file coords_14.json (JSON, C-alpha atoms)
[["chain", "number", "residue", "atom", "x", "y", "z"],
["A", 11, "MET", "CA", 0.00, 0.00, 0.00],
["A", 12, "ALA", "CA", 1.46, 3.35, -1.02],
["A", 13, "HIS", "CA", 1.57, 6.14, 1.50],
["A", 14, "THR", "CA", 1.34, 9.69, 0.24],
["A", 15, "ALA", "CA", 2.57, 12.72, 2.12],
["A", 16, "HIS", "CA", -0.05, 15.08, 3.42],
["A", 17, "ARG", "CA", -0.21, 18.05, 1.08],
["A", 18, "PRO", "CA", -1.71, 21.30, 2.27],
["A", 19, "THR", "CA", -4.69, 22.43, 0.28],
["A", 20, "PRO", "CA", -3.74, 25.04, -2.30],
["A", 21, "ARG", "CA", -4.80, 28.61, -1.76],
["A", 22, "PRO", "CA", -7.94, 29.47, -3.62],
["A", 23, "ALA", "CA", -7.26, 31.25, -6.88],
["A", 24, "GLY", "CA", -8.06, 34.87, -6.39],
["A", 25, "ARG", "CA", -6.67, 38.27, -5.75],
["A", 26, "ARG", "CA", -5.59, 39.96, -2.56],
["A", 27, "HIS", "CA", -7.71, 42.68, -1.10],
["A", 28, "PRO", "CA", -6.35, 46.06, -2.24],
["A", 29, "LEU", "CA", -5.75, 47.18, 1.35],
["A", 30, "VAL", "CA", -3.65, 44.09, 2.04],
["A", 31, "ALA", "CA", -1.58, 44.73, -1.07],
["A", 32, "THR", "CA", -1.14, 48.37, -0.06],
["A", 33, "ALA", "CA", -0.07, 47.42, 3.45],
["A", 34, "MET", "CA", 2.52, 45.07, 1.99],
["A", 35, "VAL", "CA", 3.98, 47.60, -0.46],
["A", 36, "LEU", "CA", 3.98, 50.84, 1.53],
["A", 37, "PRO", "CA", 6.84, 50.03, 3.95],
["A", 38, "LEU", "CA", 9.16, 49.08, 1.09],
["A", 39, "ALA", "CA", 8.11, 52.08, -0.96],
["A", 40, "ALA", "CA", 8.74, 54.43, 1.98],
["A", 41, "LEU", "CA", 12.16, 52.90, 2.58],
["A", 42, "LEU", "CA", 13.14, 53.31, -1.08],
["A", 43, "VAL", "CA", 11.97, 56.92, -1.12],
["A", 44, "VAL", "CA", 14.01, 57.73, 2.00],
["A", 45, "VAL", "CA", 17.13, 55.87, 0.81],
["A", 46, "PHE", "CA", 17.14, 57.34, -2.69],
["A", 47, "GLY", "CA", 15.59, 60.73, -1.90],
["A", 48, "GLY", "CA", 12.93, 60.41, -4.57],
["A", 49, "TRP", "CA", 10.26, 62.71, -3.19],
["A", 50, "GLU", "CA", 10.08, 64.75, -6.39],
["A", 51, "ALA", "CA", 9.68, 61.63, -8.52],
["A", 52, "VAL", "CA", 6.95, 60.30, -6.22],
["A", 53, "VAL", "CA", 5.05, 63.58, -6.38],
["A", 54, "THR", "CA", 5.38, 63.72, -10.16],
["A", 55, "GLN", "CA", 4.18, 60.14, -10.62],
["A", 56, "ALA", "CA", 1.28, 60.60, -8.17],
["A", 57, "SER", "CA", 0.25, 63.73, -10.02],
["A", 58, "SER", "CA", 0.36, 61.93, -13.36],
["A", 59, "VAL", "CA", -1.72, 59.04, -12.03],
["A", 60, "GLY", "CA", -4.21, 61.48, -10.56],
["A", 61, "VAL", "CA", -4.59, 63.20, -13.93],
["A", 62, "MET", "CA", -5.06, 59.85, -15.71],
["A", 63, "LEU", "CA", -7.70, 58.70, -13.23],
["A", 64, "GLY", "CA", -9.50, 62.00, -13.51],
["A", 65, "ARG", "CA", -10.10, 61.52, -17.23]]
call {"tool": "encode", "arguments": {"input": "coords_14.json", "output": "structure tokens"}}
result
Amino acid sequence: MAHTAHRPTPRPAGRRHPLVATAMVLPLAALLVVVFGGWEAVVTQASSVGVMLGR
């Protein structure tokens, strides 16, 4: 008789909640901004995204 190892059930296919994704990305993004001093680039990109979403 063959014994098979217990395999955990796979995660259901789906997407993370946007707030969970944001909480995961923000600390790294903040660290990169501080390390590389990219405040101007962040403001420029945020402004561009805001204009695109406003259309």
call {"tool": "atom_distance", "arguments": {"input": "coords_14.json", "atom1": "atom CA of A:Val52", "atom2": "atom CA of A:Ala40"}}
result
10.2 Å
call {"tool": "atom_distance", "arguments": {"input": "coords_14.json", "atom1": "atom CA of A:Met34", "atom2": "atom CA of A:Val59"}}
result
20.2 Å
call {"tool": "atom_distance", "arguments": {"input": "coords_14.json", "atom1": "atom CA of A:Arg25", "atom2": "atom CA of A:Gly60"}}
result
23.8 Å
